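For reference, my_file27.csv (CSV, C-alpha atoms and all ligand atoms):
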```csv
chain,number,residue,atom,x,y,z
A,246,MET,CA,-53.8,6.2,-46.7
A,247,SER,CA,-52.7,5.8,-43.2
A,248,ASN,CA,-50.0,8.2,-42.0
A,249,ASN,CA,-48.6,5.5,-39.6
A,250,GLN,CA,-45.1,4.5,-40.3
A,251,ALA,CA,-45.3,0.9,-41.4
A,252,ASP,CA,-42.3,-1.3,-40.7
A,253,ALA,CA,-40.1,-2.5,-43.5
A,254,ARG,CA,-41.6,-6.0,-43.8
A,255,PRO,CA,-42.8,-6.8,-47.4
A,256,SER,CA,-46.5,-6.4,-48.1
A,257,VAL,CA,-48.2,-9.4,-49.7
A,258,VAL,CA,-51.3,-8.7,-51.8
A,259,SER,CA,-53.2,-11.8,-52.9
A,260,VAL,CA,-54.8,-11.9,-56.3
A,261,GLN,CA,-57.6,-14.5,-56.9
A,262,THR,CA,-58.8,-14.8,-60.5
A,263,PRO,CA,-60.8,-17.7,-61.9
A,264,SER,CA,-57.7,-18.9,-63.8
A,265,LEU,CA,-55.0,-18.6,-61.0
A,266,SER,CA,-54.5,-17.2,-57.5
A,267,TYR,CA,-51.1,-15.7,-56.7
A,268,ASN,CA,-49.3,-13.3,-54.4
A,269,VAL,CA,-47.8,-9.9,-55.2
A,270,HIS,CA,-44.8,-9.2,-52.9
A,271,VAL,CA,-43.8,-5.6,-52.4
A,272,GLY,CA,-40.8,-4.7,-50.3
A,273,HIS,CA,-37.1,-4.0,-50.1
A,274,GLY,CA,-34.3,-6.4,-51.2
A,275,LEU,CA,-36.7,-9.0,-52.7
A,276,LEU,CA,-34.5,-9.7,-55.7
A,277,ASP,CA,-32.3,-11.8,-53.4
A,278,ARG,CA,-35.3,-13.8,-52.3
A,279,ALA,CA,-36.6,-14.3,-55.9
A,280,GLY,CA,-35.5,-17.9,-56.0
A,281,GLU,CA,-37.4,-19.0,-52.9
A,282,LEU,CA,-40.5,-17.0,-53.9
A,283,VAL,CA,-40.6,-18.5,-57.4
A,284,ARG,CA,-39.9,-21.9,-56.0
A,285,GLU,CA,-42.8,-21.8,-53.5
A,286,SER,CA,-45.3,-20.5,-56.1
A,287,ALA,CA,-44.2,-22.1,-59.4
A,288,GLY,CA,-41.9,-25.1,-58.7
A,289,GLY,CA,-40.3,-26.7,-61.7
A,290,GLN,CA,-36.6,-27.5,-62.4
A,291,MET,CA,-35.6,-24.7,-64.8
A,292,ALA,CA,-36.0,-21.0,-64.8
A,293,ALA,CA,-35.4,-18.8,-67.8
A,294,VAL,CA,-34.8,-15.1,-67.0
A,295,ILE,CA,-35.8,-12.7,-69.8
A,296,ALA,CA,-34.6,-9.1,-69.5
A,297,ASP,CA,-33.7,-6.2,-71.8
A,298,SER,CA,-30.3,-4.7,-72.4
A,299,ASN,CA,-30.9,-1.9,-69.9
A,300,VAL,CA,-32.2,-4.0,-66.9
A,301,GLY,CA,-30.3,-7.2,-67.5
A,302,PRO,CA,-26.8,-5.8,-66.7
A,303,LEU,CA,-28.2,-4.2,-63.5
A,304,TYR,CA,-30.1,-7.1,-61.9
A,305,ALA,CA,-30.0,-10.4,-63.8
A,306,ARG,CA,-26.9,-11.7,-62.0
A,307,ARG,CA,-28.6,-11.3,-58.6
A,308,VAL,CA,-31.8,-12.9,-59.7
A,309,LEU,CA,-30.0,-15.8,-61.4
A,310,ALA,CA,-27.9,-16.4,-58.3
A,311,SER,CA,-31.0,-16.4,-56.1
A,312,LEU,CA,-32.8,-18.9,-58.5
A,313,GLU,CA,-29.8,-21.2,-58.4
A,314,ARG,CA,-29.6,-21.1,-54.6
A,315,ALA,CA,-33.2,-22.2,-54.7
A,316,GLY,CA,-32.2,-25.2,-56.8
A,317,TYR,CA,-33.1,-24.1,-60.3
A,318,ARG,CA,-31.1,-24.7,-63.4
A,319,THR,CA,-31.1,-21.3,-65.2
A,320,ALA,CA,-31.0,-19.8,-68.6
A,321,TYR,CA,-30.6,-16.1,-69.4
A,322,LEU,CA,-32.2,-14.4,-72.5
A,323,GLU,CA,-31.6,-10.8,-73.3
A,324,PHE,CA,-33.1,-8.6,-76.0
A,325,SER,CA,-32.5,-5.0,-77.1
A,326,ALA,CA,-34.4,-2.5,-74.9
A,327,GLY,CA,-37.2,-0.3,-76.3
A,328,GLU,CA,-40.9,-0.4,-77.1
A,329,ARG,CA,-40.0,-0.6,-80.8
A,330,ASN,CA,-38.6,-4.1,-80.1
A,331,LYS,CA,-41.9,-5.3,-78.5
A,332,ARG,CA,-42.8,-7.3,-81.6
A,333,PHE,CA,-43.0,-10.8,-83.1
A,334,SER,CA,-39.5,-10.5,-84.7
A,335,THR,CA,-38.0,-10.2,-81.1
A,336,LEU,CA,-40.4,-12.7,-79.6
A,337,VAL,CA,-39.7,-15.6,-82.0
A,338,PRO,CA,-36.0,-15.8,-81.2
A,339,LEU,CA,-36.9,-15.8,-77.5
A,340,LEU,CA,-39.2,-18.8,-78.1
A,341,GLU,CA,-36.4,-20.6,-80.0
A,342,ARG,CA,-34.0,-19.9,-77.1
A,343,LEU,CA,-36.5,-21.3,-74.6
A,344,ALA,CA,-36.7,-24.5,-76.7
A,345,ALA,CA,-32.9,-24.7,-77.1
A,346,ALA,CA,-32.5,-24.3,-73.3
A,347,GLY,CA,-34.8,-27.3,-72.9
A,348,LEU,CA,-37.6,-25.7,-70.8
A,349,SER,CA,-40.3,-28.2,-70.1
A,350,ARG,CA,-44.0,-27.7,-69.3
A,351,ASN,CA,-43.4,-27.5,-65.6
A,352,ASP,CA,-40.7,-24.9,-65.8
A,353,VAL,CA,-40.9,-21.1,-65.5
A,354,VAL,CA,-40.1,-18.0,-67.4
A,355,VAL,CA,-39.0,-15.1,-65.2
A,356,ALA,CA,-39.8,-11.6,-66.6
A,357,LEU,CA,-37.3,-9.2,-65.2
A,358,GLY,CA,-37.9,-5.6,-66.2
A,359,GLY,CA,-40.4,-2.9,-67.1
A,360,GLY,CA,-43.7,-3.1,-69.0
A,361,VAL,CA,-42.1,-4.1,-72.3
A,362,THR,CA,-40.3,-7.1,-70.8
A,363,GLY,CA,-43.3,-8.1,-68.7
A,364,ASP,CA,-45.6,-8.0,-71.7
A,365,MET,CA,-43.2,-9.8,-74.1
A,366,ALA,CA,-41.8,-12.4,-71.7
A,367,GLY,CA,-45.4,-13.1,-70.5
A,368,LEU,CA,-46.4,-13.7,-74.1
A,369,ALA,CA,-43.4,-16.0,-74.6
A,370,ALA,CA,-44.5,-18.0,-71.6
A,371,ALA,CA,-48.2,-18.1,-72.9
A,372,LEU,CA,-47.1,-19.4,-76.3
A,373,TYR,CA,-44.2,-21.8,-75.4
A,374,LEU,CA,-45.5,-25.4,-75.3
A,375,ARG,CA,-49.0,-23.8,-75.3
A,376,GLY,CA,-48.3,-22.1,-72.0
A,377,ILE,CA,-45.9,-22.4,-69.2
A,378,GLN,CA,-45.7,-20.5,-65.9
A,379,VAL,CA,-44.4,-16.9,-65.7
A,380,ALA,CA,-43.0,-15.0,-62.7
A,381,GLN,CA,-43.1,-11.3,-63.0
A,382,ILE,CA,-40.3,-9.2,-61.4
A,383,PRO,CA,-41.2,-5.6,-62.3
A,384,THR,CA,-38.4,-3.1,-62.0
A,385,SER,CA,-40.2,0.1,-63.1
A,386,LEU,CA,-42.8,1.9,-61.1
A,387,LEU,CA,-45.3,1.6,-63.9
A,388,ALA,CA,-44.8,-2.1,-64.1
A,389,MET,CA,-45.1,-2.5,-60.4
A,390,VAL,CA,-48.4,-0.6,-60.0
A,391,ASP,CA,-50.0,-1.7,-63.3
A,392,SER,CA,-48.7,-4.0,-66.0
A,393,SER,CA,-47.1,-6.8,-63.9
A,394,VAL,CA,-50.5,-7.6,-62.2
A,395,GLY,CA,-53.5,-8.9,-64.0
A,396,GLY,CA,-52.1,-11.3,-66.6
A,397,LYS,CA,-52.2,-9.1,-69.8
A,398,THR,CA,-49.3,-10.0,-72.2
A,399,ALA,CA,-48.8,-8.6,-75.7
A,400,VAL,CA,-46.6,-7.4,-78.5
A,401,ASP,CA,-47.3,-4.5,-80.7
A,402,LEU,CA,-48.4,-4.7,-84.4
A,403,LYS,CA,-47.7,-2.0,-87.0
A,404,THR,CA,-51.3,-0.9,-86.7
A,405,GLY,CA,-51.0,-0.2,-82.9
A,406,LYS,CA,-49.8,-1.1,-79.5
A,407,ASN,CA,-50.6,-4.4,-77.7
A,408,LEU,CA,-52.7,-5.7,-80.6
A,409,ALA,CA,-51.6,-9.3,-80.3
A,410,GLY,CA,-51.4,-11.0,-76.9
A,411,ALA,CA,-52.9,-13.4,-74.4
A,412,PHE,CA,-54.1,-13.5,-70.8
A,413,LEU,CA,-51.6,-15.4,-68.6
A,414,GLN,CA,-51.7,-14.7,-64.9
A,415,PRO,CA,-48.3,-14.8,-63.3
A,416,SER,CA,-47.5,-17.4,-60.6
A,417,VAL,CA,-46.0,-14.7,-58.5
A,418,VAL,CA,-45.1,-11.0,-58.7
A,419,ILE,CA,-42.0,-9.7,-56.9
A,420,ALA,CA,-41.8,-5.9,-56.7
A,421,ASP,CA,-38.5,-4.9,-55.1
A,422,VAL,CA,-38.8,-1.1,-54.6
A,423,CYS,CA,-34.9,-0.9,-54.3
A,424,CYS,CA,-35.0,-1.2,-58.2
A,425,LEU,CA,-36.6,2.2,-58.3
A,426,ASN,CA,-33.3,3.8,-57.2
A,427,THR,CA,-31.9,3.3,-60.8
A,428,LEU,CA,-35.1,4.6,-62.5
A,429,SER,CA,-34.6,8.1,-64.0
A,430,PRO,CA,-36.6,10.9,-62.3
A,431,ASP,CA,-38.5,11.4,-65.6
A,432,LEU,CA,-39.6,7.8,-65.8
A,433,LEU,CA,-40.6,7.8,-62.1
A,434,ALA,CA,-42.7,11.0,-62.7
A,435,ASP,CA,-44.3,9.5,-65.8
A,436,SER,CA,-45.4,6.4,-63.9
A,437,CYS,CA,-47.4,8.6,-61.5
A,438,GLY,CA,-50.0,9.1,-64.2
A,439,GLU,CA,-51.3,5.6,-63.6
A,440,ILE,CA,-51.0,6.1,-59.8
A,441,ILE,CA,-53.1,9.2,-59.9
A,442,LYS,CA,-55.6,7.4,-62.2
A,443,HIS,CA,-56.0,4.7,-59.5
A,444,GLY,CA,-56.8,7.4,-57.0
A,445,VAL,CA,-59.5,8.9,-59.2
A,446,LEU,CA,-60.8,5.5,-60.0
A,447,ALA,CA,-61.3,4.0,-56.6
A,448,ASP,CA,-59.5,5.7,-53.7
A,449,GLU,CA,-60.0,9.3,-52.6
A,450,GLU,CA,-57.8,8.7,-49.6
A,451,LEU,CA,-54.9,7.7,-51.9
A,452,PHE,CA,-55.7,10.7,-54.1
A,453,ASP,CA,-55.6,13.1,-51.2
A,454,ALA,CA,-52.3,11.5,-50.0
A,455,LEU,CA,-50.8,12.2,-53.5
A,456,ALA,CA,-52.1,15.8,-53.3
A,457,ALA,CA,-50.5,16.3,-49.9
A,458,ARG,CA,-47.2,14.6,-50.8
A,459,PRO,CA,-46.4,13.9,-54.4
A,460,VAL,CA,-44.7,10.6,-55.2
A,461,THR,CA,-41.9,12.6,-57.0
A,462,SER,CA,-40.9,14.1,-53.6
A,463,MET,CA,-40.4,10.7,-52.0
A,464,ARG,CA,-37.2,8.7,-51.9
A,465,PRO,CA,-37.6,6.0,-54.5
A,466,ASP,CA,-36.8,3.1,-52.1
A,467,SER,CA,-38.7,4.6,-49.1
A,468,ASP,CA,-41.3,2.8,-47.1
A,469,GLU,CA,-43.9,5.4,-48.0
A,470,LEU,CA,-43.4,4.7,-51.7
A,471,ALA,CA,-43.6,1.0,-51.0
A,472,ARG,CA,-46.9,1.5,-49.3
A,473,ILE,CA,-48.2,3.5,-52.3
A,474,VAL,CA,-47.1,0.7,-54.6
A,475,ALA,CA,-48.9,-1.9,-52.4
A,476,ARG,CA,-52.0,0.2,-52.3
A,477,ASN,CA,-52.1,0.5,-56.1
A,478,VAL,CA,-51.6,-3.2,-56.5
A,479,ALA,CA,-54.6,-3.8,-54.1
A,480,ILE,CA,-56.8,-1.4,-56.2
A,481,LYS,CA,-55.8,-3.3,-59.4
A,482,ARG,CA,-56.3,-6.6,-57.6
A,483,ASP,CA,-59.9,-5.7,-56.7
A,484,VAL,CA,-60.7,-5.0,-60.3
A,485,VAL,CA,-58.9,-8.0,-61.8
A,486,ASN,CA,-60.5,-10.4,-59.2
A,487,ALA,CA,-63.9,-9.2,-60.2
A,488,ASP,CA,-63.3,-9.2,-64.0
A,489,GLU,CA,-60.2,-11.1,-65.2
A,490,ARG,CA,-61.0,-10.9,-68.9
A,491,GLU,CA,-62.1,-7.3,-69.2
A,492,GLN,CA,-65.8,-8.0,-69.8
A,493,GLY,CA,-67.0,-5.2,-67.6
A,494,LEU,CA,-65.4,-3.7,-64.5
A,495,ARG,CA,-61.8,-4.1,-65.8
A,496,GLN,CA,-62.6,-1.6,-68.5
A,497,THR,CA,-62.6,1.1,-65.8
A,498,LEU,CA,-58.8,0.7,-65.6
A,499,ASN,CA,-58.9,2.5,-69.0
A,500,LEU,CA,-59.8,5.7,-67.3
A,501,GLY,CA,-58.0,8.5,-69.1
A,502,HIS,CA,-56.8,6.0,-71.8
A,503,THR,CA,-59.3,6.8,-74.6
A,504,LEU,CA,-57.9,10.3,-75.0
A,505,GLY,CA,-54.5,9.3,-73.4
A,506,HIS,CA,-53.7,6.7,-76.0
A,507,ALA,CA,-54.7,9.1,-78.8
A,508,ILE,CA,-52.4,11.8,-77.2
A,509,GLU,CA,-49.6,9.2,-76.9
A,510,ALA,CA,-50.0,8.1,-80.5
A,511,GLY,CA,-50.4,11.7,-81.7
A,512,SER,CA,-47.1,12.6,-80.2
A,513,ASP,CA,-45.6,9.6,-82.1
A,514,TYR,CA,-44.9,8.1,-78.6
A,515,ALA,CA,-42.6,11.0,-77.7
A,516,LEU,CA,-44.8,11.6,-74.7
A,517,GLY,CA,-44.6,8.8,-72.1
A,518,HIS,CA,-47.6,6.5,-71.4
A,519,GLY,CA,-48.2,7.8,-67.8
A,520,SER,CA,-47.9,11.4,-69.0
A,521,SER,CA,-50.4,10.8,-71.8
A,522,VAL,CA,-52.8,9.1,-69.3
A,523,ALA,CA,-52.5,12.2,-67.0
A,524,ALA,CA,-53.3,14.5,-69.9
A,525,GLY,CA,-56.1,12.2,-71.1
A,526,LEU,CA,-57.6,12.1,-67.6
A,527,CYS,CA,-57.6,15.9,-67.2
A,528,CYS,CA,-59.1,16.3,-70.7
A,529,VAL,CA,-61.9,13.8,-70.2
A,530,SER,CA,-62.7,15.2,-66.8
A,531,ARG,CA,-62.8,18.8,-68.1
A,532,ALA,CA,-65.2,17.7,-70.8
A,533,THR,CA,-67.5,15.6,-68.7
A,534,GLU,CA,-67.6,18.2,-65.9
A,535,ARG,CA,-68.7,20.7,-68.5
A,536,MET,CA,-71.4,18.2,-69.7
A,537,GLY,CA,-72.6,17.7,-66.1
A,538,TRP,CA,-71.5,14.1,-65.9
A,539,THR,CA,-68.8,14.9,-63.3
A,540,GLU,CA,-69.1,16.6,-59.9
A,541,ALA,CA,-68.1,20.2,-60.1
A,542,GLY,CA,-64.5,20.9,-58.9
A,543,THR,CA,-63.2,17.4,-59.7
A,544,THR,CA,-61.1,18.5,-62.7
A,545,GLY,CA,-59.4,21.2,-60.8
A,546,ARG,CA,-58.3,18.7,-58.1
A,547,ILE,CA,-57.0,16.3,-60.7
A,548,GLU,CA,-55.1,19.0,-62.6
A,549,ARG,CA,-53.5,20.2,-59.4
A,550,VAL,CA,-52.2,16.7,-58.5
A,551,CYS,CA,-50.9,16.1,-62.0
A,552,GLU,CA,-49.1,19.5,-62.0
A,553,ALA,CA,-47.6,18.7,-58.6
A,554,HIS,CA,-46.1,15.5,-60.2
A,555,GLY,CA,-44.8,17.5,-63.2
A,556,LEU,CA,-47.4,15.8,-65.5
A,557,PRO,CA,-49.3,17.5,-68.4
A,558,THR,CA,-52.9,18.5,-67.9
A,559,ASP,CA,-53.8,19.2,-71.6
A,560,THR,CA,-52.7,18.7,-75.1
A,561,ASP,CA,-52.2,21.0,-78.1
A,562,LEU,CA,-52.8,18.3,-80.7
A,563,ALA,CA,-55.5,19.1,-83.3
A,564,HIS,CA,-58.9,17.8,-82.5
A,565,ASP,CA,-59.1,15.8,-85.7
A,566,THR,CA,-55.9,14.0,-84.9
A,567,ILE,CA,-57.2,13.0,-81.4
A,568,VAL,CA,-60.5,11.8,-82.7
A,569,SER,CA,-58.8,9.8,-85.4
A,570,PHE,CA,-56.4,8.0,-83.0
A,571,ALA,CA,-59.2,7.6,-80.4
A,572,THR,CA,-61.5,5.9,-82.9
A,573,HIS,CA,-58.7,3.5,-83.9
A,574,ASP,CA,-58.3,2.3,-80.3
A,575,LYS,CA,-58.7,-1.4,-79.9
A,576,LYS,CA,-61.3,-0.7,-77.2
A,577,ARG,CA,-63.7,0.6,-79.8
A,578,ARG,CA,-66.9,-1.4,-80.3
A,579,GLY,CA,-68.4,-0.7,-83.7
A,580,GLN,CA,-69.5,2.9,-84.0
A,581,THR,CA,-69.2,3.4,-80.2
A,582,VAL,CA,-66.5,3.5,-77.6
A,583,ASN,CA,-66.8,2.6,-73.9
A,584,LEU,CA,-65.7,5.8,-72.1
A,585,VAL,CA,-64.7,5.7,-68.4
A,586,VAL,CA,-66.3,8.8,-66.9
A,587,PRO,CA,-64.9,10.2,-63.6
A,588,GLN,CA,-68.0,11.0,-61.6
A,589,ARG,CA,-66.1,12.3,-58.6
A,590,ILE,CA,-62.7,11.5,-57.0
A,591,GLY,CA,-62.9,7.7,-56.1
A,592,LYS,CA,-65.9,6.9,-58.4
A,593,VAL,CA,-66.2,6.3,-62.1
A,594,ALA,CA,-68.9,5.0,-64.5
A,595,LEU,CA,-68.6,3.2,-67.8
A,596,ARG,CA,-70.6,4.9,-70.5
A,597,ARG,CA,-71.1,3.8,-74.1
A,598,ILE,CA,-70.8,6.8,-76.3
A,599,GLY,CA,-71.2,7.4,-80.1
A,600,MET,CA,-68.7,9.1,-82.4
A,601,ASP,CA,-70.6,12.4,-82.1
A,602,GLU,CA,-70.3,12.4,-78.3
A,603,LEU,CA,-66.6,11.5,-78.6
A,604,GLU,CA,-66.1,14.6,-80.9
A,605,THR,CA,-67.9,16.8,-78.3
A,606,ILE,CA,-65.7,15.5,-75.5
A,607,VAL,CA,-62.5,16.2,-77.5
A,608,ARG,CA,-63.9,19.7,-78.4
A,609,LEU,CA,-64.8,20.5,-74.8
A,610,GLY,CA,-61.8,18.9,-73.1
A,611,CYS,CA,-58.7,19.1,-75.3
A,612,GLY,CA,-56.8,22.4,-75.7
A,613,THR,CA,-59.4,24.2,-73.6
A,614,ARG,CA,-57.6,24.7,-70.2
B,1,LIG,N1,-53.6,-1.8,-67.7
B,1,LIG,C1,-55.0,-2.1,-67.7
B,1,LIG,C2,-55.3,-3.5,-67.4
B,1,LIG,O1,-54.4,-4.3,-66.9
B,1,LIG,O2,-56.4,-4.0,-67.6
```
Let's see the structure in the file written out as structure tokens.
Ligand code: GLY
Amino acid sequence: MSNNQADARPSVVSVQTPSLSYNVHVGHGLLDRAGELVRESAGGQMAAVIADSNVGPLYARRVLASLERAGYRTAYLEFSAGERNKRFSTLVPLLERLAAAGLSRNDVVVALGGGVTGDMAGLAAALYLRGIQVAQIPTSLLAMVDSSVGGKTAVDLKTGKNLAGAFLQPSVVIADVCCLNTLSPDLLADSCGEIIKHGVLADEELFDALAARPVTSMRPDSDELARIVARNVAIKRDVVNADEREQGLRQTLNLGHTLGHAIEAGSDYALGHGSSVAAGLCCVSRATERMGWTEAGTTGRIERVCEAHGLPTDTDLAHDTIVSFATHDKKRRGQTVNLVVPQRIGKVALRRIGMDELETIVRLGCGTR
């Protein structure tokens, strides 16, 4: 990461997947430009904004006004906030309301909110009339750096998170870092798990910048945090451009997630997703360093950066519990899982491992700090 002070102009990161090319805009005050940015990328006559009951009251009015200035007829659909509402029984009424509002095939759904909203509004757009356009306006740091980019949409099933969904690339992503001002410090810190993951995955310079100056010490709407967001989007863009449908390289974005998802589920979702990924990342690195698959000293560096962001570096869950949740992960392939191994900071490898190796990794990496 450059130490130069960038000016406050928005960054534009271009994503080019086989199914769609689109821009991710990162900057300040972009909510008021949402209409023009949606208009130039998606067109159409009508825009339906979907938000949850936390984010809608904060930002929907501004986004609707901007869409109307750009010539859209608008509809506003709100649902009750919370991961527990990310399910078909919430999605179906949203689809009925899109139909009642009269959206046509050329129109656009605008997903305004965090990961739950982006996933569910994205799936509504993917299903409605067999697929209409979606614009993503992420308002949480986690959604800005991860879930709004790459076209994954989903709802949860009783059996697990994100088990029913579709790929639908957005027509545009609009990340207004001013929205981070209303994010709680706990949620901001939690999001840093995915940011640290991106550094370990692909960018030692980003990792070192996080070590020197934790995101949690930055002003939420600062230029330096906007640059971190844009850098993370570019890392994800590079992966998604190369492998839109997660046949190969995109699986590396699951670094820290095999154990992280198990830690998250084992805590009954009391531990946030980013915090669980941070713990999972430290645990897998600790194990694979002990097995000689990871450069010596890597785990200590990751642990220090996680600690500096107030994130956990280990888990006290029982090994049986972790193995059981890890083997129910949807990324499992038969009797094997594809594990993302941190080889050193900035470089990972995908390794197919059997259940016995997974058990060894849990034994060596979890509760052993
Ligand atoms: N969050 C992982 C992915 O988008 O593939």
Measuring atom to atom with all atoms listed in the file, identify which of A:Gly327, A:Gly396, A:Gly347, A:Gly444 is nearest to ligand LIG 1 (chain B). A:Gly396
Best match for closeness to ligand LIG 1 (chain B) among A:Val300, A:Leu336, A:Leu470, A:Ala487, counting only C-alpha atoms and all ligand atoms: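 Nearest candidate to ligand LIG 1 (chain B) out of A:Val300, A:Leu336, A:Leu470, A:Ala487: A:Ala487.
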Counting all atoms listed in the file, what is within 12 Å of range 412-415 of chain A, bar same-chain residues fewer than 3 positions away, as a ChimeraX atom specification? /A:259-269,283,286-287,353-356,363-373,375-383,392-399,407,409,418-419,482,485-486,489-491
For a cut-off of 7 Å around (-63.1, 11.0, -58.8), file coordinates, pick out all residues using only C-alpha atoms and list them as number ranges by chain. A: 445-446, 543, 587-593
Calculated over all atoms listed in the file, which of the candidates A:Leu348, A:Leu425, A:Leu498, A:Ala479 has the smallest distance to ligand LIG 1 (chain B)? A:Leu498
Could you check how far CA of Asn583 in chain A sits from CA of Glu450 in chain A, in Å to one decimal?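 Rounded to one decimal, the two atoms are 26.6 Å apart.
The nearest approach to ligand LIG 1 (chain B) among the residues A:Asn477, A:Ser416, A:Ser429, A:Ser311, with all atoms listed in the file taken into account, belongs to A:Asn477.
Shortest separation to ligand LIG 1 (chain B) among A:Met291, A:Ala346, A:Leu312, A:Leu500 occurs at residue A:Leu500, atoms counted being only C-alpha atoms and all ligand atoms.
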Nearby residues, (-38.2, 5.2, -55.8) file frame, 8 Å, all atoms listed in the file, as a list of chain:residue names: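 So the residues meeting the distance criterion are A:Leu386, A:Val422, A:Cys423, A:Cys424, A:Leu425, A:Asn426, A:Leu428, A:Leu433, A:Met463, A:Arg464, A:Pro465, A:Asp466, A:Ser467, A:Leu470.
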Calculate how many Å separate CA of Val568 in chain A from CA of Ala515 in chain A, rounding to one decimal. 18.6 Å
Can you tell me how far CA of Glu341 in chain A sits from CA of Leu276 in chain A, in Å to one decimal? 26.7 Å
When you look at Asp401 in chain A with a cut-off of 6 Å (counting only C-alpha atoms), what residues show up, excluding the ones that are within fewer than 6 positions of it in the same chain? I need them as a compact mmCIF listing (two decimals) with C-alpha atoms, in the frame of the given file.
```txt
# COMPACT_ATOMS: atom_id res chain seq x y z
CA LYS A 331 -41.90 -5.30 -78.50
CA ARG A 332 -42.80 -7.30 -81.60
CA ASN A 407 -50.60 -4.40 -77.70
CA LEU A 408 -52.70 -5.70 -80.60
```
List as a list in words the protein and nucleic acid residues near range 553-559 of chain A, meaning an atom at most 9 Å away when only C-alpha atoms are counted, but skip any in the same chain fewer than 5 places from it.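 In the requested format, the answer is Ala434, Asp435, Cys437, Gly438, Leu455, Ala456, Arg458, Pro459, Val460, Thr461, Ser462, Gly519, Ser520, Ser521, Ala523, Ala524, Gly525, Leu526, Cys527, Cys528, Ile547, Glu548, Gly610, Cys611, Gly612, Thr613 and Arg614 of chain A.
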